[in-house]
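Q: I'd like to ask some things about the structure below.
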Amino acid sequence: MSDKPVRINNFDNIRIILVNTSHPGNIGATARAMKNMGLSKLTLVDPEDFPSSVATGRAVAAVDILESAIVTSTLEEAIVNSGLVIGASARSRRLPWPLLSPPQCAVKVADESHNNEVALVFGREDSGLTNEELQLCHFHVHIPADESYSSLNLAAAVMVVSYEVRMELLRRQQRVAEGDHDVASARGAAEDVVVSGLDWDVPRATGQQMESFYSHLEQAMIDLNFHDPENPRLLMMRMRRLFGRIRPDQMEISILRGLLSHIDMLNERAERGISVEQQRKERKSASLEKSTAPARDE
Ligand code: SAH
């Protein structure tokens, strides 16, 4: 745990991600909604038409957000640095995922955006986010619109979620201004508020670290004949949901990667006919050697 004060600037740690947007007008309107709500980081995943004068026209005074937007070809690339990923979804899906209302989403974002990049992900105008994309998210957020027409315009959905996030951050900022230095409520307060850092000791694993972990896990399960890629069922989806719920930190993920590497090593030796018993003996004598070796500073 660090005693260093944490300078909070949550708004800068929130990234809006639009996936495969077809209408440039929606990109411009999203930039405008973001600027209205104090957000500035925009990533466009494989946009159909960008840059575009239509987007620029709709952004009005938020052209700077379009100019600094990052363009990637996949959602995986867009979330490489994100420690919390929340996907906005208009529909319920086959495998239920941890679901938040917009105010609950705002609380999560405010809680975590001071020391993690938070990604808020929005889908295609016609078909939303794919199941694979939704599985890259730790949580889903659903705006409880009227059942007779529950799908909002893309930029309107960005506005609703961003507004809730802004309100939550402003409430916390207000509480701090009123002298409430309780860290739980001060955490996540808006710009330039300094609180003593009662944070988690290690940052959450990023999107990139999680993706490498999932590939490694999948390969290890295949090598162990535990997982049949020809008949995958929902195994990887369930694994993603499990670890997404826990949200391991970077140290925990590196321990799990180490464990998987050991499994790889045992597997590879088993293929070469070296029995587990033999391997244990080898390890024992290796550790004996180590313990009798002159002590080193570690
Ligand atoms: N027809 C699509 C909806 C696309 S709307 C579908 O059925 O999935 C474009 C995007 O706006 C969605 O992918 C989602 O990110 C967001 N959105 C629209 N309505 C929403 C709602 N009620 N709750 C949460 N997100 C919503």
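By order of appearance in the structure tokens: chains A, B, ..., then residues from 1 within every chain, and ligands from 1 in the order shown.
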Any residue with an atom at most 10 Å from ligand 1 counts, using only C-alpha atoms and all ligand atoms. Which are they? Put them as a PyMOL selection string.
A: chain A and resi 17-21+26+86-93+100-102+120-130+134+140-147+149-158+160-161
Q: Skip Ser52 (chain A) itself and residues of its chain fewer than 4 positions away, then list as JSON, numbers by chain all residues within 10 Å of it, counting only C-alpha atoms.
A: {"A": [23, 24, 25, 27, 28, 56, 57, 66]}
Q: For those residues, write N, CA and C atoms to a file as a JSON list (two decimals), in the first residue's frame.
A:
```
[["chain", "number", "residue", "atom", "x", "y", "z"],
["A", 23, "HIS", "N", -22.21, 5.39, -39.25],
["A", 23, "HIS", "CA", -22.55, 6.77, -39.62],
["A", 23, "HIS", "C", -21.60, 7.77, -38.98],
["A", 24, "PRO", "N", -20.85, 8.51, -39.81],
["A", 24, "PRO", "CA", -19.89, 9.48, -39.24],
["A", 24, "PRO", "C", -20.59, 10.53, -38.39],
["A", 25, "GLY", "N", -21.86, 10.81, -38.67],
["A", 25, "GLY", "CA", -22.61, 11.78, -37.86],
["A", 25, "GLY", "C", -22.65, 11.35, -36.40],
["A", 27, "ILE", "N", -20.37, 9.66, -34.89],
["A", 27, "ILE", "CA", -19.03, 9.87, -34.30],
["A", 27, "ILE", "C", -18.92, 11.33, -33.86],
["A", 28, "GLY", "N", -19.37, 12.24, -34.73],
["A", 28, "GLY", "CA", -19.32, 13.66, -34.39],
["A", 28, "GLY", "C", -20.20, 13.98, -33.18],
["A", 56, "THR", "N", -17.09, 15.97, -38.49],
["A", 56, "THR", "CA", -16.57, 17.27, -38.06],
["A", 56, "THR", "C", -17.71, 18.25, -37.86],
["A", 57, "GLY", "N", -18.66, 18.26, -38.81],
["A", 57, "GLY", "CA", -19.81, 19.17, -38.72],
["A", 57, "GLY", "C", -20.63, 18.91, -37.46],
["A", 66, "LEU", "N", -12.13, 14.70, -31.99],
["A", 66, "LEU", "CA", -11.99, 13.88, -33.21],
["A", 66, "LEU", "C", -10.54, 13.86, -33.66]]
```
Q: Nearest residue to Val276 (chain A) out of A:Ile263, A:Met37, A:Ile14, A:Leu42, using only C-alpha atoms?
A: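 Once distances to Val276 (chain A) are computed over only C-alpha atoms, the minimum belongs to A:Ile263.
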Q: What does the distance between CA of Ala62 (chain A) and CA of Leu169 (chain A) come to in Å, to one decimal place?
A: 21.2 Å
Q: Using DSSP on the backbone coordinates, identify all residues within region 94-273 of chain A classified as strand (DSSP E or B); present the result as a ChimeraX atom specification.
A: /A:99-100,117-122,124,128,139-141,193-196,204,249
Q: Taking N, CA and C atoms for each residue, export the selection above as a short mmCIF file (atom, residue, chain, number, x, y, z; two decimals), in the first residue's frame.
A:
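To be explicit, this is the file written out as part_14.cif:
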```
data_model
loop_
_atom_site.label_atom_id
_atom_site.label_comp_id
_atom_site.auth_asym_id
_atom_site.auth_seq_id
_atom_site.Cartn_x
_atom_site.Cartn_y
_atom_site.Cartn_z
N LEU A 99 -24.26 -7.24 -14.72
CA LEU A 99 -24.98 -6.14 -15.39
C LEU A 99 -25.14 -4.96 -14.45
N LEU A 100 -24.90 -3.75 -14.97
CA LEU A 100 -25.02 -2.54 -14.16
C LEU A 100 -26.08 -1.62 -14.75
N GLU A 117 -7.19 3.02 -16.28
CA GLU A 117 -7.92 3.55 -17.42
C GLU A 117 -9.23 2.77 -17.53
N VAL A 118 -10.32 3.49 -17.66
CA VAL A 118 -11.63 2.85 -17.77
C VAL A 118 -12.13 3.00 -19.20
N ALA A 119 -12.58 1.90 -19.80
CA ALA A 119 -13.11 1.96 -21.16
C ALA A 119 -14.62 1.76 -21.13
N LEU A 120 -15.34 2.66 -21.79
CA LEU A 120 -16.78 2.50 -21.95
C LEU A 120 -17.02 2.21 -23.43
N VAL A 121 -17.55 1.03 -23.72
CA VAL A 121 -17.58 0.54 -25.10
C VAL A 121 -19.00 0.54 -25.66
N PHE A 122 -19.16 1.07 -26.86
CA PHE A 122 -20.48 1.16 -27.50
C PHE A 122 -20.43 0.49 -28.86
N ARG A 124 -22.20 -1.22 -32.70
CA ARG A 124 -22.65 -0.81 -34.03
C ARG A 124 -24.11 -0.34 -34.00
N GLY A 128 -25.20 -3.69 -32.66
CA GLY A 128 -24.60 -3.61 -31.32
C GLY A 128 -23.21 -4.22 -31.25
N PHE A 139 -18.03 -5.73 -17.21
CA PHE A 139 -19.45 -5.52 -16.88
C PHE A 139 -20.17 -5.05 -18.13
N HIS A 140 -21.48 -5.23 -18.11
CA HIS A 140 -22.33 -4.63 -19.14
C HIS A 140 -23.18 -3.56 -18.46
N VAL A 141 -23.47 -2.50 -19.22
CA VAL A 141 -24.39 -1.49 -18.70
C VAL A 141 -25.57 -1.42 -19.64
N VAL A 193 -8.01 16.90 -6.74
CA VAL A 193 -8.23 16.63 -5.33
C VAL A 193 -7.17 15.61 -4.91
N VAL A 194 -6.52 15.90 -3.81
CA VAL A 194 -5.47 14.99 -3.38
C VAL A 194 -5.96 14.21 -2.18
N VAL A 195 -5.89 12.90 -2.24
CA VAL A 195 -6.27 12.08 -1.09
C VAL A 195 -5.11 11.15 -0.78
N SER A 196 -5.03 10.72 0.48
CA SER A 196 -3.95 9.78 0.77
C SER A 196 -4.31 8.46 0.10
N ARG A 204 -4.76 -3.11 -11.56
CA ARG A 204 -5.45 -4.23 -12.23
C ARG A 204 -4.69 -4.63 -13.49
N ASP A 249 -5.18 -8.48 -10.27
CA ASP A 249 -4.22 -7.40 -10.46
C ASP A 249 -3.02 -7.95 -11.24
#
```
Q: Neighbouring residues of Leu235 (chain A) were defined as those with any atom within 12 Å, considering only C-alpha atoms; residues of the same chain fewer than 3 positions away were excluded. Please report them as a VMD selection string.
A: chain A and resid 95 214 217 to 218 221 to 222 226 to 232 238 to 242
Q: Grab the residues selected above and save them as a PDB file, in the first residue's frame with C-alpha atoms.
A:
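Wrote it out as selection30.pdb, contents follow:
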```pdb
ATOM      1  CA  LEU A  95     -24.771 -16.080 -21.136  1.00  0.00           C
ATOM      2  CA  TYR A 214      -6.576 -16.165 -21.822  1.00  0.00           C
ATOM      3  CA  LEU A 217      -4.854 -20.625 -20.431  1.00  0.00           C
ATOM      4  CA  GLU A 218      -6.702 -21.898 -23.492  1.00  0.00           C
ATOM      5  CA  MET A 221      -6.184 -26.558 -21.299  1.00  0.00           C
ATOM      6  CA  ILE A 222      -5.955 -27.896 -24.861  1.00  0.00           C
ATOM      7  CA  PHE A 226      -9.172 -30.734 -20.834  1.00  0.00           C
ATOM      8  CA  HIS A 227     -10.450 -28.462 -23.564  1.00  0.00           C
ATOM      9  CA  ASP A 228     -11.457 -29.631 -27.025  1.00  0.00           C
ATOM     10  CA  PRO A 229     -11.244 -26.717 -29.503  1.00  0.00           C
ATOM     11  CA  GLU A 230     -13.429 -28.749 -31.891  1.00  0.00           C
ATOM     12  CA  ASN A 231     -16.148 -28.752 -29.264  1.00  0.00           C
ATOM     13  CA  PRO A 232     -15.422 -25.634 -27.215  1.00  0.00           C
ATOM     14  CA  ARG A 238     -17.107 -19.021 -18.694  1.00  0.00           C
ATOM     15  CA  MET A 239     -13.393 -18.589 -17.932  1.00  0.00           C
ATOM     16  CA  ARG A 240     -13.563 -15.013 -19.169  1.00  0.00           C
ATOM     17  CA  ARG A 241     -16.609 -14.388 -17.019  1.00  0.00           C
ATOM     18  CA  LEU A 242     -14.917 -15.930 -13.977  1.00  0.00           C
TER      19      LEU A 242
END
```
Q: In Å to one decimal, how far is CA of Asn131 (chain A) from CA of His216 (chain A)?
A: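 Atom-to-atom, CA of His216 (chain A) and CA of Asn131 (chain A) are spaced 20.8 Å apart.
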Q: Select from region 46-95 of chain A everything DSSP, run on the backbone, classes as alpha helix (DSSP H), then give the selection as a PDB file with C-alpha atoms, in the first residue's frame.
A:
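And here is the file that came out, result.pdb:
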```pdb
ATOM      1  CA  SER A  53     -16.673  16.225 -42.863  1.00  0.00           C
ATOM      2  CA  VAL A  54     -20.020  14.940 -41.563  1.00  0.00           C
ATOM      3  CA  ALA A  55     -18.406  13.942 -38.253  1.00  0.00           C
ATOM      4  CA  THR A  56     -16.567  17.270 -38.062  1.00  0.00           C
ATOM      5  CA  GLY A  57     -19.807  19.174 -38.717  1.00  0.00           C
ATOM      6  CA  ARG A  58     -21.707  17.306 -35.999  1.00  0.00           C
ATOM      7  CA  ALA A  59     -18.890  17.705 -33.463  1.00  0.00           C
ATOM      8  CA  VAL A  63     -13.424  18.810 -33.175  1.00  0.00           C
ATOM      9  CA  ASP A  64     -10.338  18.514 -30.942  1.00  0.00           C
ATOM     10  CA  ILE A  65     -11.707  15.197 -29.648  1.00  0.00           C
ATOM     11  CA  LEU A  66     -11.994  13.883 -33.211  1.00  0.00           C
ATOM     12  CA  GLU A  67      -8.507  15.114 -34.020  1.00  0.00           C
ATOM     13  CA  LEU A  75     -11.546  -3.913 -29.708  1.00  0.00           C
ATOM     14  CA  GLU A  76      -8.677  -5.939 -28.201  1.00  0.00           C
ATOM     15  CA  GLU A  77      -6.236  -3.264 -29.410  1.00  0.00           C
ATOM     16  CA  ALA A  78      -8.469  -0.487 -28.109  1.00  0.00           C
TER      17      ALA A  78
END
```
Q: If we count only C-alpha atoms and set the cut-off at 12 Å, which residues sit around region 257-259 of chain A, ignoring sequence neighbours fewer than 4 positions away in its own chain? Please answer as a list in words.
A: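 Near region 257-259 of chain A, the qualifying residues are Gln209, Met210, Glu211, Ser212, Phe213, Tyr214, Ser215, His216, Leu217, Glu218, Gln219, Ala220, Pro248, Gln250, Met251, Glu252, Ile253, Ile263, Asp264, Met265 and Leu266 of chain A.
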Q: Find the residues near Tyr163 (chain A): any atom within 9 Å, counting only C-alpha atoms, skip ones fewer than 3 places away on the same chain, and give them as a list in words.
A: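 Non-adjacent residues within range: Ala33, Met34, Asn36, Met37, Ala106, Val158, Met159, Val160, Arg166, Met167 and Glu168 of chain A.
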Q: For Pro98 (chain A), which of A:Ser148, A:Asn13, A:Ser287, A:Gln135 is the closest residue, counting only C-alpha atoms?
A: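 Among the listed residues, A:Gln135 lies closest to Pro98 (chain A).
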Q: Have a look at A:Val45, A:Ile16, A:Leu170, A:Val176 and name the one nearest to Ser82 (chain A); count only C-alpha atoms.
A: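 Selected residue with least distance to Ser82 (chain A): A:Ile16.
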